[in-house]
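Contents: one structure, followed by commentary.
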Amino acid sequence: MKIFVNLFCAFSLVTFPLIAQSAAAQEKQSIVFGVHSKTAPLEWRNNGVDQGFNLELMDRIGQLTAKRIVVRRKTFQQLLVDVHNPESLIDVIAVVSPVTIDRDLSQSDPIYATHAKAYTLQGKSFINGWHDLKDKRVAIKKGAFVDVYISGKLQNFKRVDVDLYETGFQLLIKGQVDVVIAENFVARRLMPLYPPVRSSSDPLIYGAFNFVSNHHNAALMDQVNDALRQLKLSGEYDRLVNKWFGTGREKVDLNSAQKRMLSLAILVSLISALGMLLTGYVSLSLRKRTKSLNLELAQRKKAEAAISNLSKQFQSVLDGIPHGVTLFNREGECLWSNDNNQLLSNPDFHYAGGQPFALYPILIEALDTDKSTIADMMIEKQYWQLQLHPIGDDQAVILLEETTEQQRLRQANDEASRLASLGELSAGIAHEINNPTGIIIHSIAFINDSLADLSIAAANYQQQNPFWNVAGLEPTSAMTELNLSSQSILEGAERISRIVNDLKRYALPTLTDGYQAIALNEVVLVSLRLTANQIKVLNVATELHQPSPMIKGDAQQLNQVLINLIQNACHAIELDAETYDQDQHILIKTSVEQQFACLTVIDKGQGMDRATLQRITEPFFTTRRSSGGSGLGLSVCSRIIKEHKADMQIESRIGQGTVITLRFPLES
């Protein structure tokens, strides 16, 4: 036994050094490659297998140098510590170095160019350079090439160190940093995982991927460089670049795709299992459902019969409506009608203003604008109101209602309004008639006296008395005065005739289909003659455009409108010591603006507030209820103006007066 122990000890002393020497020699035949990245395409772990551009490139270098590649995964910061330690087991790591700064390590030729940019949340301002980072919280990967670049330089931002670029993106999402400065390739792969993050600058730093090792491994790095150059010359390097960085071949989603496929397979399996269970359940439920469907079918047939009866009843109700109801589509086809709209196709059916009626153009306009149309129509002295309303699906409904009676009532209302203003004018007209009548009486008295004296003179003349007088005047003077008296009688009579004729025309009934070309200046002159008594104490000025603007309309209705505006202006003016001597109390103007004839009435009266302006054309609204105002004047005027295709603009301020402008289309 003792001999056996001695032999074992001797054998151990010989063999153990040989084993250690063999292990050391074997270790020199390998390269320990440290990796850290979790992001494609450089180096990442997929289902427990490390892969990527850096790993495959190092594997090719190992083949050329006859060395086995051993991969060790650690954090980036730990790898930096290990590669600076000559006693560390890590031989080589892949890092990015700034193009202008070398690391304090043995460094290979550049592997692949890259750059770093600033990344912020969506909606933040663009970063034009380092100066835009002032006072911002900036995430910097500790030991990365950005850290190497800014080390020793003045920094005007608040630096936040992170272990990975992904950690910086997470802090950015949480609002704990404002900016992340990250390497381009890694950031591009991270952005789909963090949708709110956006690239916010041009490249701030340019760098290149390199293999680095401790200076004690300089000989190893020379071998790596030789192998790397051989790969570039042989084209193998370009093939690897195209494989991992080529357009359309990015290896970003290999891991996620495999996970999705696995998840999809599991989901399909679950769905298949559920499908089998559901198939059994459905087959059992179908029998019950069949019975219920038969019962439901019977109930539905009964309901359809009831709906059919109700539809027939509703149709009979629509057919019994006296108004026409018709449904049209965009092509002008009649989809349904109660047969009371036959006038739509009658060629004598026209607008109340006399224009011919065409259904298709107004149908298309209503459907295109999605706005309803209401118009007054006529046929054989009957009035109808046409309403066209879009109802969706390129369809419109037309309602046709006879309004002959309503039209007659409206005309009667207009006549009543005109008679009311006529009564107000009568007092002034009576005074106007009295004045020329007095002149006539005075002149007639003189003529009577003259005629008496002429009779006596004739007798004296027969007695051959050459010295005779006529009404106390010499014969020549008496004849001159007699001629003047005759002229005064003629002028007074003509004035009475004009006033009476204007009054008679104003009192005539309205003929809405008798619009003719009229001179706007003549409307002003007639209205001033009819309101002469009301405006005689006011300073009224006129500015009439020459030649007179011509419009198409009814002179009687326009006189009614202008008389009402003049009367309202007179009521608004309160004469006192301050206002009595004003140059103008009321100004009436006619003018031409582009294709419109304008009639403007300006008064320096009390003015109106906004609430009054909003209701001024409402029927029966008046501010002179206590003094006999009916509230119909401007309401009727507004309707007359619309019938003449004109518009009325009113501007008024308390204490500054009122300006009313009527704009009529010019007669072509």
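In the structure tokens, chains take the letters A, B, ... in the order shown, each chain's residues start at 1, and ligands count up from 1 in the order shown.
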For Ile101 (chain A), please output as a list in words all residues within 9 Å (counting only C-alpha atoms; exclusion window: fewer than 3 positions along the same chain).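 Selected residues are Ser97, Pro98, Val148 and Tyr149 of chain A.
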May I have the residues from that selection written out with N, CA, C and O atoms, as a short mmCIF file (atom, residue, chain, number, x, y, z; two decimals), in the first residue's frame?
data_model
loop_
_atom_site.label_atom_id
_atom_site.label_comp_id
_atom_site.auth_asym_id
_atom_site.auth_seq_id
_atom_site.Cartn_x
_atom_site.Cartn_y
_atom_site.Cartn_z
N SER A 97 -15.96 54.38 -31.18
CA SER A 97 -15.03 55.44 -30.78
C SER A 97 -15.25 56.66 -31.64
O SER A 97 -15.54 56.54 -32.84
N PRO A 98 -15.13 57.88 -31.07
CA PRO A 98 -15.25 59.08 -31.89
C PRO A 98 -14.16 59.09 -32.97
O PRO A 98 -13.04 58.59 -32.76
N VAL A 148 -17.00 59.44 -24.17
CA VAL A 148 -15.58 59.70 -24.48
C VAL A 148 -15.43 61.06 -25.14
O VAL A 148 -14.49 61.82 -24.85
N TYR A 149 -16.37 61.40 -26.04
CA TYR A 149 -16.26 62.66 -26.79
C TYR A 149 -16.39 63.89 -25.89
O TYR A 149 -15.67 64.87 -26.04
#
List every residue of region 523-620 of chain A that DSSP, applied to the backbone of this structure, places in strand (DSSP E), and write the result as a PyMOL selection string. chain A and resi 540-543+550-553+586-593+596-603
Contact residues around Gln649 (chain A) with only C-alpha atoms at 12 Å, ignoring same-chain residues under 3 positions, as a PyMOL selection string: chain A and resi 598-602+613-614+616-617+638+641+646+652+658-664
For N, CA and C atoms, I'd like the residues from the last selection saved as a PDB file, in the first residue's frame.
ATOM      1  N   CYS A 598     -78.273 102.228 -55.596  1.00  0.00           N
ATOM      2  CA  CYS A 598     -78.400 102.394 -54.150  1.00  0.00           C
ATOM      3  C   CYS A 598     -79.259 103.613 -53.836  1.00  0.00           C
ATOM      4  N   LEU A 599     -80.146 103.442 -52.856  1.00  0.00           N
ATOM      5  CA  LEU A 599     -80.975 104.528 -52.332  1.00  0.00           C
ATOM      6  C   LEU A 599     -80.688 104.605 -50.838  1.00  0.00           C
ATOM      7  N   THR A 600     -80.164 105.764 -50.390  1.00  0.00           N
ATOM      8  CA  THR A 600     -79.723 105.912 -49.007  1.00  0.00           C
ATOM      9  C   THR A 600     -80.488 107.041 -48.332  1.00  0.00           C
ATOM     10  N   VAL A 601     -80.995 106.768 -47.124  1.00  0.00           N
ATOM     11  CA  VAL A 601     -81.678 107.772 -46.302  1.00  0.00           C
ATOM     12  C   VAL A 601     -80.880 107.924 -45.014  1.00  0.00           C
ATOM     13  N   ILE A 602     -80.371 109.143 -44.779  1.00  0.00           N
ATOM     14  CA  ILE A 602     -79.538 109.428 -43.609  1.00  0.00           C
ATOM     15  C   ILE A 602     -80.251 110.474 -42.757  1.00  0.00           C
ATOM     16  N   LEU A 613     -82.505  97.262 -33.267  1.00  0.00           N
ATOM     17  CA  LEU A 613     -82.115  96.911 -34.633  1.00  0.00           C
ATOM     18  C   LEU A 613     -82.444  95.457 -34.965  1.00  0.00           C
ATOM     19  N   GLN A 614     -82.290  94.559 -33.977  1.00  0.00           N
ATOM     20  CA  GLN A 614     -82.540  93.148 -34.234  1.00  0.00           C
ATOM     21  C   GLN A 614     -84.018  92.863 -34.480  1.00  0.00           C
ATOM     22  N   ILE A 616     -86.300  95.297 -35.739  1.00  0.00           N
ATOM     23  CA  ILE A 616     -86.904  96.445 -36.412  1.00  0.00           C
ATOM     24  C   ILE A 616     -87.866  96.040 -37.517  1.00  0.00           C
ATOM     25  N   THR A 617     -87.648  94.858 -38.137  1.00  0.00           N
ATOM     26  CA  THR A 617     -88.527  94.446 -39.237  1.00  0.00           C
ATOM     27  C   THR A 617     -89.585  93.438 -38.800  1.00  0.00           C
ATOM     28  N   SER A 638     -89.767  95.608 -45.677  1.00  0.00           N
ATOM     29  CA  SER A 638     -88.805  94.532 -45.816  1.00  0.00           C
ATOM     30  C   SER A 638     -89.283  93.499 -46.833  1.00  0.00           C
ATOM     31  N   ILE A 641     -89.007  94.960 -50.394  1.00  0.00           N
ATOM     32  CA  ILE A 641     -87.604  95.000 -50.833  1.00  0.00           C
ATOM     33  C   ILE A 641     -87.147  93.611 -51.290  1.00  0.00           C
ATOM     34  N   ALA A 646     -83.888  92.954 -53.720  1.00  0.00           N
ATOM     35  CA  ALA A 646     -82.976  93.951 -53.155  1.00  0.00           C
ATOM     36  C   ALA A 646     -82.683  93.586 -51.704  1.00  0.00           C
ATOM     37  N   SER A 652     -77.041 102.171 -37.161  1.00  0.00           N
ATOM     38  CA  SER A 652     -77.586 103.179 -36.254  1.00  0.00           C
ATOM     39  C   SER A 652     -76.857 103.131 -34.929  1.00  0.00           C
ATOM     40  N   THR A 658     -79.229 107.503 -37.945  1.00  0.00           N
ATOM     41  CA  THR A 658     -79.423 106.226 -38.620  1.00  0.00           C
ATOM     42  C   THR A 658     -79.127 106.382 -40.108  1.00  0.00           C
ATOM     43  N   VAL A 659     -78.515 105.337 -40.697  1.00  0.00           N
ATOM     44  CA  VAL A 659     -78.270 105.285 -42.136  1.00  0.00           C
ATOM     45  C   VAL A 659     -78.913 104.002 -42.666  1.00  0.00           C
ATOM     46  N   ILE A 660     -79.864 104.144 -43.605  1.00  0.00           N
ATOM     47  CA  ILE A 660     -80.532 103.002 -44.215  1.00  0.00           C
ATOM     48  C   ILE A 660     -80.223 103.022 -45.705  1.00  0.00           C
ATOM     49  N   THR A 661     -79.667 101.922 -46.208  1.00  0.00           N
ATOM     50  CA  THR A 661     -79.285 101.813 -47.618  1.00  0.00           C
ATOM     51  C   THR A 661     -80.042 100.664 -48.265  1.00  0.00           C
ATOM     52  N   LEU A 662     -80.696 100.973 -49.390  1.00  0.00           N
ATOM     53  CA  LEU A 662     -81.384  99.956 -50.177  1.00  0.00           C
ATOM     54  C   LEU A 662     -80.583  99.718 -51.451  1.00  0.00           C
ATOM     55  N   ARG A 663     -80.272  98.443 -51.755  1.00  0.00           N
ATOM     56  CA  ARG A 663     -79.476  98.081 -52.937  1.00  0.00           C
ATOM     57  C   ARG A 663     -80.340  97.258 -53.892  1.00  0.00           C
ATOM     58  N   PHE A 664     -80.574  97.824 -55.110  1.00  0.00           N
ATOM     59  CA  PHE A 664     -81.391  97.171 -56.122  1.00  0.00           C
ATOM     60  C   PHE A 664     -80.505  96.744 -57.295  1.00  0.00           C
TER      61      PHE A 664
END
Residues within 12 Å of Ala139 (chain A), only C-alpha atoms, excluding chain neighbours under 3 positions, as a PyMOL selection string: chain A and resi 117-120+133+136+142+144+146-147+157-172+175-182
Would you save the residues from that selection as a tab-separated table (two decimals), in the first residue's frame, using N, CA, C and O atoms?
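For reference, result_35.tsv as written:
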chain	number	residue	atom	x	y	z
A	117	LYS	N	-27.11	60.95	-32.42
A	117	LYS	CA	-28.07	62.05	-32.59
A	117	LYS	C	-28.82	62.25	-31.28
A	117	LYS	O	-28.80	61.42	-30.38
A	118	ALA	N	-29.55	63.37	-31.22
A	118	ALA	CA	-30.39	63.67	-30.06
A	118	ALA	C	-31.79	63.13	-30.31
A	118	ALA	O	-32.33	63.24	-31.41
A	119	TYR	N	-32.38	62.55	-29.29
A	119	TYR	CA	-33.74	61.99	-29.37
A	119	TYR	C	-34.58	62.58	-28.25
A	119	TYR	O	-34.14	62.65	-27.08
A	120	THR	N	-35.80	63.06	-28.62
A	120	THR	CA	-36.72	63.66	-27.65
A	120	THR	C	-38.10	63.09	-27.88
A	120	THR	O	-38.34	62.32	-28.80
A	133	LEU	N	-28.77	72.31	-26.06
A	133	LEU	CA	-28.95	71.41	-24.90
A	133	LEU	C	-28.78	72.14	-23.58
A	133	LEU	O	-28.87	71.51	-22.52
A	136	LYS	N	-30.73	71.51	-20.15
A	136	LYS	CA	-31.61	70.34	-20.31
A	136	LYS	C	-31.00	69.13	-19.60
A	136	LYS	O	-29.79	69.03	-19.41
A	142	LYS	N	-22.92	55.62	-20.06
A	142	LYS	CA	-21.61	55.67	-19.39
A	142	LYS	C	-20.61	54.81	-20.16
A	142	LYS	O	-20.83	53.62	-20.43
A	144	ALA	N	-19.75	55.04	-23.27
A	144	ALA	CA	-19.97	54.99	-24.71
A	144	ALA	C	-19.18	56.10	-25.40
A	144	ALA	O	-18.58	56.98	-24.76
A	146	VAL	N	-20.08	58.70	-26.93
A	146	VAL	CA	-20.53	60.05	-26.59
A	146	VAL	C	-19.87	60.51	-25.30
A	146	VAL	O	-19.43	61.66	-25.17
A	147	ASP	N	-19.78	59.57	-24.33
A	147	ASP	CA	-19.12	59.88	-23.06
A	147	ASP	C	-17.65	60.22	-23.29
A	147	ASP	O	-17.10	61.17	-22.73
A	157	PHE	N	-25.17	71.41	-19.94
A	157	PHE	CA	-26.42	70.68	-19.70
A	157	PHE	C	-26.24	69.80	-18.46
A	157	PHE	O	-25.13	69.59	-17.97
A	158	LYS	N	-27.36	69.26	-17.98
A	158	LYS	CA	-27.35	68.41	-16.79
A	158	LYS	C	-27.24	66.96	-17.24
A	158	LYS	O	-28.17	66.41	-17.84
A	159	ARG	N	-26.13	66.35	-16.98
A	159	ARG	CA	-25.84	65.00	-17.46
A	159	ARG	C	-26.50	63.98	-16.54
A	159	ARG	O	-26.43	64.08	-15.31
A	160	VAL	N	-27.13	62.96	-17.16
A	160	VAL	CA	-27.73	61.84	-16.42
A	160	VAL	C	-27.13	60.56	-17.00
A	160	VAL	O	-27.38	60.22	-18.16
A	161	ASP	N	-26.31	59.85	-16.22
A	161	ASP	CA	-25.64	58.64	-16.69
A	161	ASP	C	-26.61	57.46	-16.70
A	161	ASP	O	-27.41	57.27	-15.76
A	162	VAL	N	-26.55	56.66	-17.77
A	162	VAL	CA	-27.37	55.45	-17.88
A	162	VAL	C	-26.48	54.31	-18.34
A	162	VAL	O	-25.42	54.52	-18.94
A	163	ASP	N	-26.91	53.05	-18.07
A	163	ASP	CA	-26.11	51.89	-18.45
A	163	ASP	C	-26.35	51.49	-19.90
A	163	ASP	O	-25.46	50.95	-20.56
A	164	LEU	N	-27.59	51.73	-20.42
A	164	LEU	CA	-27.94	51.37	-21.79
A	164	LEU	C	-28.72	52.52	-22.43
A	164	LEU	O	-29.36	53.31	-21.74
A	165	TYR	N	-28.67	52.58	-23.77
A	165	TYR	CA	-29.49	53.58	-24.45
A	165	TYR	C	-30.97	53.33	-24.18
A	165	TYR	O	-31.77	54.26	-24.09
A	166	GLU	N	-31.37	52.09	-24.07
A	166	GLU	CA	-32.78	51.77	-23.79
A	166	GLU	C	-33.21	52.33	-22.44
A	166	GLU	O	-34.34	52.80	-22.28
A	167	THR	N	-32.29	52.30	-21.46
A	167	THR	CA	-32.60	52.90	-20.16
A	167	THR	C	-32.87	54.40	-20.33
A	167	THR	O	-33.79	54.95	-19.71
A	168	GLY	N	-32.07	55.05	-21.20
A	168	GLY	CA	-32.31	56.47	-21.46
A	168	GLY	C	-33.67	56.71	-22.08
A	168	GLY	O	-34.38	57.67	-21.73
A	169	PHE	N	-34.09	55.86	-23.03
A	169	PHE	CA	-35.41	56.01	-23.65
A	169	PHE	C	-36.52	55.83	-22.62
A	169	PHE	O	-37.54	56.53	-22.65
A	170	GLN	N	-36.32	54.90	-21.70
A	170	GLN	CA	-37.32	54.69	-20.65
A	170	GLN	C	-37.44	55.92	-19.75
A	170	GLN	O	-38.55	56.33	-19.38
A	171	LEU	N	-36.31	56.51	-19.39
A	171	LEU	CA	-36.35	57.73	-18.58
A	171	LEU	C	-36.99	58.88	-19.35
A	171	LEU	O	-37.70	59.72	-18.77
A	172	LEU	N	-36.77	58.93	-20.67
A	172	LEU	CA	-37.37	59.97	-21.50
A	172	LEU	C	-38.90	59.84	-21.50
A	172	LEU	O	-39.62	60.83	-21.38
A	175	GLY	N	-40.37	61.13	-18.38
A	175	GLY	CA	-40.20	62.55	-18.14
A	175	GLY	C	-39.06	62.87	-17.19
A	175	GLY	O	-38.97	64.00	-16.70
A	176	GLN	N	-38.16	61.89	-16.92
A	176	GLN	CA	-37.06	62.14	-16.01
A	176	GLN	C	-35.84	62.73	-16.70
A	176	GLN	O	-34.91	63.18	-16.05
A	177	VAL	N	-35.79	62.67	-18.01
A	177	VAL	CA	-34.77	63.37	-18.79
A	177	VAL	C	-35.47	64.08	-19.94
A	177	VAL	O	-36.60	63.73	-20.32
A	178	ASP	N	-34.79	65.07	-20.54
A	178	ASP	CA	-35.35	65.83	-21.66
A	178	ASP	C	-34.82	65.33	-23.00
A	178	ASP	O	-35.53	65.40	-24.01
A	179	VAL	N	-33.58	64.84	-23.02
A	179	VAL	CA	-32.93	64.45	-24.27
A	179	VAL	C	-32.11	63.19	-24.02
A	179	VAL	O	-31.54	63.02	-22.93
A	180	VAL	N	-32.07	62.30	-25.02
A	180	VAL	CA	-31.16	61.14	-25.00
A	180	VAL	C	-30.25	61.26	-26.22
A	180	VAL	O	-30.74	61.41	-27.35
A	181	ILE	N	-28.92	61.22	-26.00
A	181	ILE	CA	-27.98	61.20	-27.12
A	181	ILE	C	-27.56	59.75	-27.30
A	181	ILE	O	-26.91	59.17	-26.44
A	182	ALA	N	-27.97	59.14	-28.45
A	182	ALA	CA	-27.80	57.70	-28.64
A	182	ALA	C	-27.17	57.41	-29.99
A	182	ALA	O	-27.33	58.18	-30.95
Long-range neighbours of Gln230 (chain A) as JSON, numbers by chain, 12 Å cut-off, only C-alpha atoms, 4 positions minimum in chain: {"A": [57, 60, 61, 63, 64, 65, 223, 224, 225, 226, 234, 235, 236, 237, 238]}
Quick one: DSSP helix (DSSP H, G or I) residues in region 103-151 of chain A, as a short mmCIF file (atom, residue, chain, number, x, y, z; two decimals) with C-alpha atoms, in the first residue's frame?
data_model
loop_
_atom_site.label_atom_id
_atom_site.label_comp_id
_atom_site.auth_asym_id
_atom_site.auth_seq_id
_atom_site.Cartn_x
_atom_site.Cartn_y
_atom_site.Cartn_z
CA TRP A 130 -24.87 71.32 -28.59
CA HIS A 131 -25.86 74.87 -27.62
CA ASP A 132 -29.54 73.90 -27.75
CA LEU A 133 -28.95 71.41 -24.90
CA PHE A 145 -18.33 57.04 -27.47
CA VAL A 146 -20.53 60.05 -26.59
CA ASP A 147 -19.12 59.88 -23.06
CA VAL A 148 -15.58 59.70 -24.48
CA TYR A 149 -16.26 62.66 -26.79
CA ILE A 150 -17.58 65.06 -24.13
#
Would you mind listing what lies within 12 Å of Leu544 (chain A) as a PyMOL selection string, with only C-alpha atoms counted and same-chain residues fewer than 4 positions away left out? chain A and resi 519-525+548-549+587-592+597-601
Residues from last step as file, N, CA, C and O atoms, as a PDB file, in the first residue's frame:
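Contents of result-v3.pdb, as written:
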ATOM      1  N   ALA A 519     -87.263 104.998 -62.963  1.00  0.00           N
ATOM      2  CA  ALA A 519     -86.122 105.832 -62.578  1.00  0.00           C
ATOM      3  C   ALA A 519     -86.134 106.015 -61.065  1.00  0.00           C
ATOM      4  O   ALA A 519     -87.143 106.434 -60.491  1.00  0.00           O
ATOM      5  N   LEU A 520     -85.016 105.683 -60.415  1.00  0.00           N
ATOM      6  CA  LEU A 520     -84.943 105.776 -58.958  1.00  0.00           C
ATOM      7  C   LEU A 520     -85.061 107.227 -58.494  1.00  0.00           C
ATOM      8  O   LEU A 520     -85.651 107.505 -57.442  1.00  0.00           O
ATOM      9  N   ASN A 521     -84.551 108.174 -59.271  1.00  0.00           N
ATOM     10  CA  ASN A 521     -84.663 109.590 -58.888  1.00  0.00           C
ATOM     11  C   ASN A 521     -86.118 110.039 -58.871  1.00  0.00           C
ATOM     12  O   ASN A 521     -86.531 110.851 -58.027  1.00  0.00           O
ATOM     13  N   GLU A 522     -86.936 109.521 -59.800  1.00  0.00           N
ATOM     14  CA  GLU A 522     -88.353 109.904 -59.855  1.00  0.00           C
ATOM     15  C   GLU A 522     -89.076 109.396 -58.613  1.00  0.00           C
ATOM     16  O   GLU A 522     -89.967 110.075 -58.090  1.00  0.00           O
ATOM     17  N   VAL A 523     -88.700 108.211 -58.110  1.00  0.00           N
ATOM     18  CA  VAL A 523     -89.283 107.697 -56.866  1.00  0.00           C
ATOM     19  C   VAL A 523     -88.998 108.654 -55.718  1.00  0.00           C
ATOM     20  O   VAL A 523     -89.874 108.931 -54.880  1.00  0.00           O
ATOM     21  N   VAL A 524     -87.770 109.184 -55.671  1.00  0.00           N
ATOM     22  CA  VAL A 524     -87.406 110.127 -54.608  1.00  0.00           C
ATOM     23  C   VAL A 524     -88.237 111.406 -54.715  1.00  0.00           C
ATOM     24  O   VAL A 524     -88.793 111.902 -53.717  1.00  0.00           O
ATOM     25  N   LEU A 525     -88.369 111.964 -55.926  1.00  0.00           N
ATOM     26  CA  LEU A 525     -89.095 113.232 -56.100  1.00  0.00           C
ATOM     27  C   LEU A 525     -90.565 113.085 -55.746  1.00  0.00           C
ATOM     28  O   LEU A 525     -91.149 113.958 -55.080  1.00  0.00           O
ATOM     29  N   SER A 548     -80.298 109.265 -63.888  1.00  0.00           N
ATOM     30  CA  SER A 548     -80.975 108.510 -62.839  1.00  0.00           C
ATOM     31  C   SER A 548     -80.733 107.014 -63.007  1.00  0.00           C
ATOM     32  O   SER A 548     -80.861 106.475 -64.094  1.00  0.00           O
ATOM     33  N   PRO A 549     -80.373 106.301 -61.917  1.00  0.00           N
ATOM     34  CA  PRO A 549     -80.252 104.833 -61.989  1.00  0.00           C
ATOM     35  C   PRO A 549     -81.602 104.208 -62.332  1.00  0.00           C
ATOM     36  O   PRO A 549     -82.634 104.598 -61.784  1.00  0.00           O
ATOM     37  N   LEU A 587     -80.818 113.478 -45.275  1.00  0.00           N
ATOM     38  CA  LEU A 587     -80.164 113.469 -46.579  1.00  0.00           C
ATOM     39  C   LEU A 587     -80.619 112.217 -47.326  1.00  0.00           C
ATOM     40  O   LEU A 587     -80.547 111.107 -46.803  1.00  0.00           O
ATOM     41  N   ILE A 588     -81.090 112.427 -48.574  1.00  0.00           N
ATOM     42  CA  ILE A 588     -81.536 111.317 -49.416  1.00  0.00           C
ATOM     43  C   ILE A 588     -80.635 111.287 -50.644  1.00  0.00           C
ATOM     44  O   ILE A 588     -80.524 112.287 -51.355  1.00  0.00           O
ATOM     45  N   LYS A 589     -79.990 110.117 -50.882  1.00  0.00           N
ATOM     46  CA  LYS A 589     -79.032 109.998 -51.975  1.00  0.00           C
ATOM     47  C   LYS A 589     -79.392 108.809 -52.860  1.00  0.00           C
ATOM     48  O   LYS A 589     -79.917 107.803 -52.385  1.00  0.00           O
ATOM     49  N   THR A 590     -79.086 108.979 -54.149  1.00  0.00           N
ATOM     50  CA  THR A 590     -79.086 107.836 -55.064  1.00  0.00           C
ATOM     51  C   THR A 590     -77.684 107.716 -55.656  1.00  0.00           C
ATOM     52  O   THR A 590     -77.014 108.729 -55.887  1.00  0.00           O
ATOM     53  N   SER A 591     -77.243 106.467 -55.872  1.00  0.00           N
ATOM     54  CA  SER A 591     -75.894 106.247 -56.393  1.00  0.00           C
ATOM     55  C   SER A 591     -75.860 104.903 -57.106  1.00  0.00           C
ATOM     56  O   SER A 591     -76.821 104.130 -57.057  1.00  0.00           O
ATOM     57  N   VAL A 592     -74.722 104.646 -57.755  1.00  0.00           N
ATOM     58  CA  VAL A 592     -74.512 103.386 -58.471  1.00  0.00           C
ATOM     59  C   VAL A 592     -73.218 102.773 -57.954  1.00  0.00           C
ATOM     60  O   VAL A 592     -72.174 103.431 -57.953  1.00  0.00           O
ATOM     61  N   ALA A 597     -78.001  99.665 -57.919  1.00  0.00           N
ATOM     62  CA  ALA A 597     -78.464 101.034 -57.706  1.00  0.00           C
ATOM     63  C   ALA A 597     -78.785 101.189 -56.224  1.00  0.00           C
ATOM     64  O   ALA A 597     -79.503 100.365 -55.654  1.00  0.00           O
ATOM     65  N   CYS A 598     -78.273 102.228 -55.596  1.00  0.00           N
ATOM     66  CA  CYS A 598     -78.400 102.394 -54.150  1.00  0.00           C
ATOM     67  C   CYS A 598     -79.259 103.613 -53.836  1.00  0.00           C
ATOM     68  O   CYS A 598     -79.107 104.678 -54.445  1.00  0.00           O
ATOM     69  N   LEU A 599     -80.146 103.442 -52.856  1.00  0.00           N
ATOM     70  CA  LEU A 599     -80.975 104.528 -52.332  1.00  0.00           C
ATOM     71  C   LEU A 599     -80.688 104.605 -50.838  1.00  0.00           C
ATOM     72  O   LEU A 599     -80.909 103.635 -50.105  1.00  0.00           O
ATOM     73  N   THR A 600     -80.164 105.764 -50.390  1.00  0.00           N
ATOM     74  CA  THR A 600     -79.723 105.912 -49.007  1.00  0.00           C
ATOM     75  C   THR A 600     -80.488 107.041 -48.332  1.00  0.00           C
ATOM     76  O   THR A 600     -80.624 108.131 -48.900  1.00  0.00           O
ATOM     77  N   VAL A 601     -80.995 106.768 -47.124  1.00  0.00           N
ATOM     78  CA  VAL A 601     -81.678 107.772 -46.302  1.00  0.00           C
ATOM     79  C   VAL A 601     -80.880 107.924 -45.014  1.00  0.00           C
ATOM     80  O   VAL A 601     -80.717 106.963 -44.258  1.00  0.00           O
TER      81      VAL A 601
END
Counting only C-alpha atoms, the residue among A:Val35, A:Met550, A:Val92, A:Val241 that lies closest to Phe76 (chain A) is A:Val35
